[in-house]
$ cat query15.tsv   # TSV, C-alpha atoms and all ligand atoms
chain	number	residue	atom	x	y	z
D	1	MET	CA	123.58	89.72	84.70
D	2	PRO	CA	122.84	92.74	86.91
D	3	ASP	CA	125.29	94.02	89.49
D	4	SER	CA	124.82	92.69	92.97
D	5	LYS	CA	127.21	94.40	95.41
D	6	ILE	CA	124.97	92.42	97.79
D	7	PHE	CA	122.29	95.06	97.09
D	8	THR	CA	121.58	98.74	97.57
D	9	ASP	CA	118.77	100.40	99.47
D	10	ILE	CA	117.02	101.44	96.27
D	11	CYS	CA	117.34	98.40	94.03
D	12	LYS	CA	117.97	94.88	95.31
D	13	PRO	CA	118.73	92.50	92.40
D	14	TYR	CA	117.69	88.87	93.06
D	15	CYS	CA	115.62	89.97	96.10
D	16	LEU	CA	111.95	89.64	96.99
D	17	GLU	CA	110.49	92.41	99.13
D	18	ILE	CA	106.95	91.92	100.51
D	19	TYR	CA	104.69	94.27	102.45
D	20	TYR	CA	101.85	92.37	104.10
D	21	GLY	CA	99.23	93.13	106.70
D	22	PRO	CA	95.54	93.92	107.20
D	23	MET	CA	93.48	96.55	105.44
D	24	TRP	CA	94.59	100.17	106.03
D	25	SER	CA	98.14	99.08	106.93
D	26	ARG	CA	99.69	101.24	104.18
D	27	LYS	CA	100.78	98.36	101.99
D	28	THR	CA	100.25	100.24	98.72
D	29	LEU	CA	101.73	103.40	100.21
D	30	ASN	CA	104.94	101.45	100.84
D	31	LEU	CA	104.92	100.24	97.23
D	32	LEU	CA	104.49	103.83	96.03
D	33	ILE	CA	107.39	105.04	98.20
D	34	ASP	CA	109.63	102.33	96.73
D	35	ILE	CA	108.47	103.24	93.21
D	36	ASP	CA	109.29	106.88	93.91
D	37	ARG	CA	112.85	105.91	94.80
D	38	LEU	CA	113.19	103.78	91.64
D	39	LYS	CA	112.01	106.80	89.63
D	40	GLN	CA	114.51	109.11	91.28
D	41	LYS	CA	117.35	106.69	90.55
D	42	LYS	CA	116.03	106.14	86.99
D	43	ILE	CA	115.88	102.37	87.49
D	44	PRO	CA	113.56	100.83	84.84
D	45	TYR	CA	110.56	99.23	86.52
D	46	GLN	CA	107.11	97.87	85.70
D	47	VAL	CA	103.99	97.72	87.85
D	48	PHE	CA	101.40	94.93	87.61
D	49	LYS	CA	98.02	94.35	89.19
D	50	PRO	CA	95.53	91.46	88.91
D	51	ARG	CA	92.56	92.14	86.62
D	52	ILE	CA	90.05	91.26	89.36
D	53	ASP	CA	91.15	94.28	91.42
D	54	THR	CA	89.03	97.10	90.00
D	55	ARG	CA	88.67	99.23	93.14
D	56	TYR	CA	88.86	102.96	92.30
D	57	PHE	CA	90.78	102.50	89.02
D	58	SER	CA	91.25	99.40	86.88
D	59	ASP	CA	94.71	100.38	85.60
D	60	TYR	CA	96.36	102.03	88.59
D	61	ILE	CA	97.51	100.85	91.96
D	62	VAL	CA	95.91	103.15	94.50
D	63	SER	CA	96.70	104.11	98.07
D	64	ARG	CA	93.93	105.52	100.19
D	65	PHE	CA	96.52	107.24	102.34
D	66	ASP	CA	95.25	110.80	102.17
D	67	SER	CA	95.71	112.37	105.59
D	68	PHE	CA	97.23	115.49	104.08
D	69	VAL	CA	94.81	115.88	101.18
D	70	ASP	CA	92.18	118.58	101.49
D	71	LYS	CA	89.69	117.30	98.91
D	72	PRO	CA	86.18	115.87	99.24
D	73	MET	CA	85.84	112.09	99.67
D	74	GLU	CA	84.20	111.64	96.25
D	75	ASP	CA	87.10	113.32	94.43
D	76	THR	CA	89.23	110.37	93.25
D	77	SER	CA	92.16	112.68	92.47
D	78	ARG	CA	92.73	112.69	96.24
D	79	PHE	CA	94.29	109.22	96.03
D	80	LEU	CA	98.00	108.55	95.47
D	81	LYS	CA	98.31	106.28	92.46
D	82	GLU	CA	100.64	104.80	89.85
D	83	PRO	CA	99.77	103.34	86.43
D	84	ALA	CA	99.82	99.54	86.34
D	85	GLU	CA	99.69	96.85	83.68
D	86	VAL	CA	96.89	94.35	84.22
D	87	PHE	CA	97.29	90.56	84.13
D	88	ASP	CA	94.98	87.58	84.53
D	89	GLU	CA	95.12	86.55	88.19
D	90	ASN	CA	94.43	82.94	87.15
D	91	ASN	CA	97.41	82.92	84.78
D	92	PRO	CA	100.23	84.89	86.41
D	93	LYS	CA	102.68	83.65	83.75
D	94	GLU	CA	101.19	86.44	81.61
D	95	ILE	CA	103.54	88.74	83.51
D	96	LEU	CA	106.53	87.05	81.86
D	97	ASP	CA	105.22	88.02	78.39
D	98	LEU	CA	104.76	91.65	79.42
D	99	ILE	CA	108.23	92.26	80.82
D	100	ARG	CA	110.53	94.54	78.84
D	101	SER	CA	114.16	93.57	78.36
D	102	ASP	CA	115.53	96.57	80.30
D	103	THR	CA	113.25	96.14	83.35
D	104	ARG	CA	115.20	95.74	86.58
D	105	ALA	CA	112.42	96.02	89.17
D	106	ILE	CA	108.89	94.61	89.16
D	107	ILE	CA	106.09	95.65	91.47
D	108	ILE	CA	103.05	93.35	91.83
D	109	SER	CA	100.09	94.43	93.96
D	110	GLU	CA	97.37	92.44	95.76
D	111	ILE	CA	99.24	89.13	95.48
D	112	GLN	CA	96.64	87.37	97.66
D	113	LEU	CA	94.23	87.48	94.69
D	114	VAL	CA	96.64	85.67	92.36
D	115	HIS	CA	96.91	81.94	91.55
D	116	PRO	CA	99.70	80.17	93.48
D	117	ASP	CA	101.66	79.83	90.20
D	118	ILE	CA	102.80	83.38	91.03
D	119	VAL	CA	105.45	81.74	93.22
D	120	ARG	CA	107.13	80.17	90.14
D	121	VAL	CA	106.88	83.43	88.21
D	122	VAL	CA	108.48	85.45	91.01
D	123	THR	CA	111.21	82.87	91.59
D	124	SER	CA	112.16	82.70	87.91
D	125	LEU	CA	112.38	86.50	87.74
D	126	GLN	CA	114.55	86.60	90.86
D	127	ARG	CA	116.91	84.11	89.25
D	128	GLU	CA	117.34	86.55	86.35
D	129	GLY	CA	118.36	89.24	88.80
D	130	VAL	CA	115.09	91.17	88.81
D	131	TYR	CA	114.15	92.96	92.03
D	132	ILE	CA	110.55	92.07	93.01
D	133	ILE	CA	108.36	94.12	95.32
D	134	CYS	CA	104.89	92.80	96.26
D	135	ASP	CA	102.11	93.54	98.67
D	136	GLY	CA	99.13	91.60	99.93
D	137	LEU	CA	96.59	90.79	102.59
D	138	ASN	CA	98.13	87.85	104.44
D	139	LEU	CA	95.06	86.88	106.50
D	140	ASP	CA	91.40	86.66	105.55
D	141	TYR	CA	88.63	87.90	107.84
D	142	THR	CA	88.67	84.67	109.85
D	143	GLY	CA	92.33	85.22	110.76
D	144	GLU	CA	93.48	82.27	108.63
D	145	TYR	CA	95.93	82.59	105.71
D	146	PHE	CA	94.40	84.30	102.67
D	147	SER	CA	96.14	82.43	99.87
D	148	LEU	CA	98.78	79.75	99.43
D	149	GLY	CA	100.64	81.88	96.90
D	150	LEU	CA	101.17	84.84	99.21
D	151	THR	CA	101.86	82.60	102.21
D	152	ASN	CA	104.56	80.79	100.24
D	153	LEU	CA	106.07	84.05	98.99
D	154	ILE	CA	106.23	85.53	102.50
D	155	SER	CA	108.20	82.52	103.68
D	156	ARG	CA	110.60	82.90	100.73
D	157	ALA	CA	110.93	86.70	100.91
D	158	THR	CA	114.40	88.16	101.41
D	159	HIS	CA	112.83	91.35	102.80
D	160	PRO	CA	109.46	90.66	104.48
D	161	HIS	CA	107.67	93.56	106.17
D	162	SER	CA	104.75	92.85	108.50
D	163	LEU	CA	102.64	96.02	108.61
D	164	TYR	CA	99.91	96.99	111.05
D	165	ALA	CA	96.91	99.29	111.05
D	166	ILE	CA	95.24	100.94	114.06
D	167	CYS	CA	92.41	99.01	115.75
D	168	ASN	CA	89.10	100.62	114.89
D	169	PHE	CA	87.23	99.24	117.93
D	170	PRO	CA	85.85	102.22	119.91
D	171	GLY	CA	88.41	103.39	122.46
D	172	CYS	CA	91.14	100.89	121.53
D	173	GLY	CA	93.83	102.17	119.15
D	174	GLU	CA	96.16	99.16	119.55
D	175	ALA	CA	98.15	97.77	116.64
D	176	ALA	CA	95.78	95.87	114.33
D	177	TYR	CA	96.96	92.81	112.41
D	178	PHE	CA	93.47	91.51	111.53
D	179	SER	CA	90.62	92.54	109.21
D	180	GLN	CA	87.23	92.43	110.95
D	181	LYS	CA	84.19	91.55	108.83
D	182	LEU	CA	80.98	93.17	110.05
D	183	ASN	CA	77.33	92.60	109.15
D	184	THR	CA	75.24	95.63	108.22
D	185	ASP	CA	74.00	95.89	111.81
D	186	GLY	CA	77.59	96.14	113.08
D	187	THR	CA	77.77	92.64	114.54
D	188	PRO	CA	80.77	90.45	113.65
D	189	ALA	CA	80.26	88.17	110.64
D	190	ALA	CA	80.18	84.45	111.42
D	191	TYR	CA	82.97	81.99	110.63
D	192	GLU	CA	82.72	80.42	107.17
D	193	PRO	CA	84.39	76.98	107.09
D	194	GLU	CA	84.52	76.87	103.26
D	195	ARG	CA	87.50	78.93	102.18
D	196	ALA	CA	86.09	79.67	98.67
D	197	LYS	CA	82.93	81.19	100.18
D	198	ARG	CA	84.83	83.62	102.38
D	199	LEU	CA	85.50	85.93	99.45
D	200	GLU	CA	81.89	86.20	98.26
D	201	ILE	CA	80.83	89.79	97.83
D	202	GLY	CA	77.99	90.73	100.13
D	203	ASP	CA	76.59	93.53	102.20
D	204	TYR	CA	79.43	93.66	104.67
D	205	CYS	CA	81.95	96.21	105.81
D	206	TYR	CA	85.47	95.66	107.05
D	207	GLU	CA	87.75	97.41	109.51
D	208	PRO	CA	91.14	96.72	111.10
D	209	ARG	CA	91.11	95.19	114.58
D	210	CYS	CA	93.70	94.14	117.15
D	211	ILE	CA	93.89	90.54	118.37
D	212	ILE	CA	91.64	91.27	121.38
D	213	HIS	CA	88.86	92.91	119.34
D	214	HIS	CA	89.00	90.60	116.31
D	215	GLU	CA	85.78	88.59	116.62
D	216	VAL	CA	84.69	85.63	114.45
D	217	PRO	CA	81.69	83.87	116.01
D	218	GLY	CA	81.76	80.12	115.42
D	219	ARG	CA	85.49	79.96	114.66
D	220	PRO	CA	87.01	76.71	115.94
D	221	GLU	CA	89.24	77.17	118.98
D	222	LEU	CA	92.92	76.91	118.20
D	301	ZN	ZN	91.54	96.68	119.70
$ encode --input "query15.tsv" --output "structure tokens"
Amino acid sequence: MPDSKIFTDICKPYCLEIYYGPMWSRKTLNLLIDIDRLKQKKIPYQVFKPRIDTRYFSDYIVSRFDSFVDKPMEDTSRFLKEPAEVFDENNPKEILDLIRSDTRAIIISEIQLVHPDIVRVVTSLQREGVYIICDGLNLDYTGEYFSLGLTNLISRATHPHSLYAICNFPGCGEAAYFSQKLNTDGTPAAYEPERAKRLEIGDYCYEPRCIIHHEVPGRPEL
């Protein structure tokens, strides 16, 4: 049974810390900062990511935070990153088989892509005194919740952190809590009533927007 002492700033046994927000809100950067502190304190940790997330690197978690990096865009060494073990997003119990006996902190990225069974996995690890740190996109492009798993975890988190990006609408710059989906001609993508279809890959681009500039034509009025 790990020490509790309530908890410390660096390692919080039995706790669930979640960073959530729209794209570009520095979710992964926050994970990397926490990992850096675990490293400094020599606290054994493991990092996991869902197999479906193959952006940039298949076996690293990657932050695009690079304001201070003077390298060309195509140079992937410009990204901050940390090696990660990959698990099947449809079977998050795989994580339990990969955990080493001395691990005291577990980091799981992109939780919104994972089956809702992740809630049971996280809860059982918390009960064993493991410190869990997660991140995820809480809302899809329509402004509705992205996944039941992440939504449930946010409501159970001992340390939830709502992050924001900067609105990309020309001339705005307000705090952005939404991800805007745009068609190739720059017009806002229409509302898709079927949740499963919202994640289909297509010729779209995305950018963070504030509540005023987040547009979803055809979305039912609240
Ligand atoms: Zn705005």
$ atom_distance --input "query15.tsv" --atom1 "atom CA of Ser63 of chain D" --atom2 "atom CA of Thr184 of chain D"
25.2 Å
$ closest_atom_pairs --input "query15.tsv" --of "segment 84-170 of chain D" --to "segment 34-41 of chain D" --cutoff "9 Å" --atoms "all atoms listed in the file" --output "CSV"
residue,atom,partner,partner_atom,distance
D:Ala105,CA,D:Leu38,CA,8.2
D:Ile107,CA,D:Ile35,CA,8.1
D:Ile133,CA,D:Asp34,CA,8.4
$ atom_distance --input "query15.tsv" --atom1 "atom CA of Lys49 of chain D" --atom2 "atom CA of Glu110 of chain D"
6.9 Å
$ residues_around --input "query15.tsv" --residues "Asp117 of chain D" --least-positions-apart "3" --cutoff "10 Å" --atoms "only C-alpha atoms" --output "list of chain:residue names"
D:Glu89, D:Asn90, D:Asn91, D:Pro92, D:Lys93, D:Val114, D:Arg120, D:Val121, D:Val122, D:Leu148, D:Gly149
$ residues_around --input "query15.tsv" --residues "Glu17 of chain D" --least-positions-apart "4" --cutoff "10 Å" --atoms "only C-alpha atoms" --output "PyMOL selection string"
chain D and resi 12+31+107+131-135+153-154+156-161
$ closest_residue --input "query15.tsv" --among "D:Glu215, D:Glu144, D:Glu128, D:Glu174" --to "ligand ZN 301 (chain D)" --atoms "only C-alpha atoms and all ligand atoms"
D:Glu174
$ residues_near_ligand --input "query15.tsv" --ligand "ligand ZN 301 (chain D)" --cutoff "10 Å" --atoms "only C-alpha atoms and all ligand atoms" --output "short mmCIF file (atom, residue, chain, number, x, y, z; two decimals) with C-alpha atoms, in the coordinates of the input"
data_model
loop_
_atom_site.label_atom_id
_atom_site.label_comp_id
_atom_site.auth_asym_id
_atom_site.auth_seq_id
_atom_site.Cartn_x
_atom_site.Cartn_y
_atom_site.Cartn_z
CA ILE D 166 95.24 100.94 114.06
CA CYS D 167 92.41 99.01 115.75
CA ASN D 168 89.10 100.62 114.89
CA PHE D 169 87.23 99.24 117.93
CA PRO D 170 85.85 102.22 119.91
CA GLY D 171 88.41 103.39 122.46
CA CYS D 172 91.14 100.89 121.53
CA GLY D 173 93.83 102.17 119.15
CA GLU D 174 96.16 99.16 119.55
CA ALA D 175 98.15 97.77 116.64
CA ALA D 176 95.78 95.87 114.33
CA TYR D 177 96.96 92.81 112.41
CA PHE D 178 93.47 91.51 111.53
CA PRO D 208 91.14 96.72 111.10
CA ARG D 209 91.11 95.19 114.58
CA CYS D 210 93.70 94.14 117.15
CA ILE D 211 93.89 90.54 118.37
CA ILE D 212 91.64 91.27 121.38
CA HIS D 213 88.86 92.91 119.34
CA HIS D 214 89.00 90.60 116.31
#
$ closest_residue --input "query15.tsv" --among "D:Ile108, D:Val216, D:Leu139, D:Ala196" --to "Ser162 of chain D" --atoms "only C-alpha atoms"
D:Leu139
$ residues_around --input "query15.tsv" --residues "Tyr56 of chain D" --least-positions-apart "3" --cutoff "12 Å" --atoms "only C-alpha atoms" --output "PyMOL selection string"
chain D and resi 53+59-64+74-81
$ atom_distance --input "query15.tsv" --atom1 "atom CA of Leu199 of chain D" --atom2 "atom CA of Tyr141 of chain D"
9.2 Å
$ closest_residue --input "query15.tsv" --among "D:Ile95, D:Ile106, D:Ile10, D:Cys15" --to "Arg51 of chain D" --atoms "all atoms listed in the file"
D:Ile95
$ residues_around --input "query15.tsv" --residues "Tyr14 of chain D" --least-positions-apart "3" --cutoff "6 Å" --atoms "all atoms listed in the file" --output "list in words"
Gln126, Gly129, Val130 and Tyr131 of chain D
